[in-house]
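Have a look at the structure below, then the notes.
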Amino acid sequence: MKTNHILSIAVLIVCSCITLSSFNYKTTGGHPSATGGPGELTCANASTGCHSSASITNDNTNLVNTLTFSTSDSSYVPGQTYTILLQTKKTGITKFGFEIGALTTSGNSNAGTWVITDAARTHTITGTGTLSTRKYVTHSTNGTPQTAPGVDVWSFNWKAPSTNVGNIKFYYATNCTNNNAANTGDQLFLSSFQIHPSTGNGIAEWVDESEFNVYADQESHELLVNYMLKKECELSYSIFDSQGKAVQNIASATKSLGQNTDKINLSGSISNGIYFVNLNIANNILTKKIILQ
């Protein structure tokens, strides 16, 4: 997985609008069309009384925000589905929020379809006013508490448009809140991540995505990986934790055409939690989320 690209997929992560109480304060998600992307506001000015005194920082160097897209070269194949991992990190913060959208760079129109994979922590919303065709993912109430000290991470899928629409940019805004049950003192960080059309057939040339599944055997501390190859190839695996850190790599091996099943013995350092298993073929990546419990 490769992080922090300036992509032509406009992914809009809207500021979170998080506090504990009051009619104007929201833990249930960001305001529609408030990512700070083209033609959009932020949570500091999208609604009267919501984060009105928040500082706004363009996080172009990704000191706070990190987006991980599940291809190594930040490319997409029309109609394929990709995993996105979004992390925000700020020392001393315990509650966070976000909103993200995807836009074509050619005309700032909505690009692709969001697929929710963690309904307890994230959900989709629709744009407002003249931006009603735009779609976003934002935090749910259960998605605001930190997942590690000073860190929050959200994961979801994005399905590419059915045709090549050129470069796409993800615009995203995160909110690092001071959790004071008021609309003062929060910090908004705006970032973007660009992707481009694949120049080849991508992962679909090698493997049937619908046949790629990962199962956990808790007793043996193994992962069982099933997949269907369209031709013989070399492949390898890598496993990432919920914060995007690589925790295990499995060396490449030649696999035969047809149905395959691999067993991955997990290292002793891998404990219960959310992980992402990457199947790597010729610099193309297919990702599956797995929960160990």
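Ordering of the structure tokens sets the chain letters (A, B, ...), residue numbers begin anew at 1 in every chain, and ligands are numbered from 1 in the order given.
By only C-alpha atoms, and with residues fewer than 6 positions from Pro197 in chain A along its chain excluded, the set lying at most 9 Å from it is Ser74, Ser75, Tyr76, Val77, Pro78, Asn164, Val165, Gly166, Asn167 and Ile168 of chain A.
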Spatial neighbours of Asn157 in chain A, max dist 9 Å, only C-alpha atoms, sep filter under 2 positions, as a compact mmCIF listing (two decimals) with N, CA and C atoms, in the first residue's frame:
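New file part.txt:
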```txt
# COMPACT_ATOMS: atom_id res chain seq x y z
N THR A 81 -12.94 -2.43 -7.11
CA THR A 81 -13.14 -1.91 -5.76
C THR A 81 -11.82 -1.88 -5.00
N TYR A 82 -11.58 -0.79 -4.27
CA TYR A 82 -10.31 -0.59 -3.57
C TYR A 82 -10.57 -0.24 -2.11
N THR A 83 -9.64 -0.64 -1.26
CA THR A 83 -9.72 -0.32 0.17
C THR A 83 -8.97 0.97 0.45
N ILE A 84 -9.58 1.83 1.24
CA ILE A 84 -8.95 3.08 1.67
C ILE A 84 -8.84 3.07 3.19
N LEU A 85 -7.67 3.42 3.67
CA LEU A 85 -7.41 3.52 5.10
C LEU A 85 -7.05 4.98 5.38
N THR A 113 -18.08 5.11 -6.30
CA THR A 113 -19.12 4.79 -5.32
C THR A 113 -18.47 4.36 -4.02
N TRP A 114 -18.97 4.87 -2.90
CA TRP A 114 -18.46 4.47 -1.59
C TRP A 114 -19.13 3.18 -1.13
N VAL A 115 -18.34 2.30 -0.53
CA VAL A 115 -18.85 1.04 0.01
C VAL A 115 -18.44 0.97 1.48
N ILE A 116 -19.42 1.00 2.36
CA ILE A 116 -19.15 0.97 3.80
C ILE A 116 -18.80 -0.45 4.24
N THR A 117 -17.67 -0.60 4.92
CA THR A 117 -17.22 -1.91 5.42
C THR A 117 -17.21 -1.95 6.94
N SER A 155 -11.63 2.81 7.99
CA SER A 155 -11.44 2.07 6.75
C SER A 155 -12.78 1.93 6.03
N LYS A 159 -15.44 2.06 -4.96
CA LYS A 159 -15.53 1.38 -6.26
C LYS A 159 -15.33 2.41 -7.36
```
To test your reading of the structure, identify every residue in range 40-210 of chain A that backbone DSSP assigns to strand (DSSP E), and report it as JSON, numbers by chain.
{"A": [55, 56, 57, 58, 65, 66, 67, 68, 69, 75, 76, 81, 82, 83, 84, 85, 86, 87, 88, 89, 95, 96, 97, 98, 99, 100, 101, 102, 103, 104, 113, 114, 115, 122, 123, 124, 125, 126, 135, 136, 137, 138, 139, 151, 152, 153, 154, 155, 156, 157, 158, 159, 168, 169, 170, 171, 172, 173, 174, 175, 176, 177, 187, 188, 189, 190, 191, 192, 193, 194, 195, 196, 197]}
Surrounding residues of range 121-138 of chain A excluding itself and chain neighbours under 6 positions, 9 Å, only C-alpha atoms, as a ChimeraX atom specification
/A:11-16,28-34,39-40,97-103,109-111,113-115,144,154-156
Let me see the file: selected residues, C-alpha atoms, as a PDB file, in the first residue's frame.
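part.pdb was written with the following content:
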```pdb
ATOM      1  CA  VAL A  11     -11.408  12.485  -2.103  1.00  0.00           C
ATOM      2  CA  LEU A  12     -13.071  14.830   0.202  1.00  0.00           C
ATOM      3  CA  ILE A  13     -12.761  14.184   3.865  1.00  0.00           C
ATOM      4  CA  VAL A  14     -15.039  16.595   5.607  1.00  0.00           C
ATOM      5  CA  CYS A  15     -14.266  18.001   8.971  1.00  0.00           C
ATOM      6  CA  SER A  16     -15.879  16.095  11.670  1.00  0.00           C
ATOM      7  CA  THR A  28     -22.884  11.672  14.177  1.00  0.00           C
ATOM      8  CA  GLY A  29     -20.934  12.972  11.179  1.00  0.00           C
ATOM      9  CA  GLY A  30     -19.697  15.990   9.254  1.00  0.00           C
ATOM     10  CA  HIS A  31     -21.900  18.552   7.537  1.00  0.00           C
ATOM     11  CA  PRO A  32     -22.624  17.678   3.884  1.00  0.00           C
ATOM     12  CA  SER A  33     -20.283  19.286   1.345  1.00  0.00           C
ATOM     13  CA  ALA A  34     -17.893  20.607   4.011  1.00  0.00           C
ATOM     14  CA  GLY A  39     -16.659  24.682  -4.104  1.00  0.00           C
ATOM     15  CA  GLU A  40     -17.012  23.388  -0.546  1.00  0.00           C
ATOM     16  CA  GLY A  97     -13.801  13.044  13.002  1.00  0.00           C
ATOM     17  CA  PHE A  98     -13.558  13.146   9.217  1.00  0.00           C
ATOM     18  CA  GLU A  99     -15.346  13.488   5.892  1.00  0.00           C
ATOM     19  CA  ILE A 100     -14.090  12.390   2.490  1.00  0.00           C
ATOM     20  CA  GLY A 101     -15.267  12.621  -1.112  1.00  0.00           C
ATOM     21  CA  ALA A 102     -13.897  11.685  -4.544  1.00  0.00           C
ATOM     22  CA  LEU A 103     -13.959  14.060  -7.544  1.00  0.00           C
ATOM     23  CA  SER A 109     -17.789  15.821 -10.581  1.00  0.00           C
ATOM     24  CA  ASN A 110     -18.476  12.947  -8.209  1.00  0.00           C
ATOM     25  CA  ALA A 111     -16.295   9.930  -8.988  1.00  0.00           C
ATOM     26  CA  THR A 113     -19.117   4.792  -5.315  1.00  0.00           C
ATOM     27  CA  TRP A 114     -18.459   4.473  -1.590  1.00  0.00           C
ATOM     28  CA  VAL A 115     -18.847   1.036   0.010  1.00  0.00           C
ATOM     29  CA  THR A 144     -14.960   9.367  17.030  1.00  0.00           C
ATOM     30  CA  TRP A 154     -11.174   4.582   9.595  1.00  0.00           C
ATOM     31  CA  SER A 155     -11.441   2.068   6.748  1.00  0.00           C
ATOM     32  CA  PHE A 156     -13.924   1.801   3.877  1.00  0.00           C
TER      33      PHE A 156
END
```
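Taking only C-alpha atoms, the non-local environment of range 269-284 of chain A within 7 Å (same-chain residues fewer than 2 positions away omitted) comprises Thr71, Ser72, Gly202, Ile203, Glu234, Leu235, Ser236, Tyr237, Ser238, Ile239, Phe240, Asp241, Ser242, Leu266, Ser267, Leu286, Thr287, Lys288, Lys289, Ile290, Ile291, Leu292 and Gln293 of chain A.
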So how far away is CA of Gln194 in chain A from CA of Cys176 in chain A, in Å?
23.2 Å
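Here the DSSP assignment of helix (DSSP H, G or I), based on backbone atoms, applies within range 36-199 of chain A to Gly129, Thr130, Leu131, Thr141, Asn142 and Gly143 of chain A.
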Kindly indicate which residue among A:His196, A:His221, A:Lys90, A:Lys231 lies nearest to Asn175 in chain A, using only C-alpha atoms for the distances.
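Among the listed residues, the smallest separation from Asn175 in chain A belongs to A:Lys90.
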Can you measure CA of Ala148 in chain A to CA of Lys263 in chain A for me? One decimal in Å is fine.
29.4 Å
Which is closer to Gln248 in chain A than all the others in A:Leu224, A:Val151, A:Leu67, A:Ile264, using only C-alpha atoms?
A:Ile264
Between A:Thr57, A:Gly37, A:Gly150, A:Val225, single out the one closest to Thr91 in chain A, counting only C-alpha atoms.
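Smallest distance to Thr91 in chain A is found for A:Gly150.
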Fewer than 6 positions away in the same chain doesn't count, so skip those; otherwise give me all residues within 7 Å of Gly112 in chain A, counting only C-alpha atoms, as a list in words.
Trp158, Lys159, Ala160 and Pro161 of chain A
Please save N, CA and C atoms of the selected residues as a compact mmCIF listing (two decimals), in the first residue's frame.
```txt
# COMPACT_ATOMS: atom_id res chain seq x y z
N TRP A 158 -13.90 1.90 -1.87
CA TRP A 158 -14.31 2.80 -2.93
C TRP A 158 -14.31 2.03 -4.25
N LYS A 159 -15.44 2.06 -4.96
CA LYS A 159 -15.53 1.38 -6.26
C LYS A 159 -15.33 2.41 -7.36
N ALA A 160 -14.36 2.16 -8.22
CA ALA A 160 -14.03 3.08 -9.30
C ALA A 160 -15.18 3.20 -10.29
N PRO A 161 -15.27 4.33 -10.99
CA PRO A 161 -16.31 4.47 -12.03
C PRO A 161 -16.20 3.35 -13.05
```
Using only C-alpha atoms, which residue out of A:Pro149, A:Gly107, A:Gly92, A:Gly36 lies closest to Gln243 in chain A?
A:Pro149
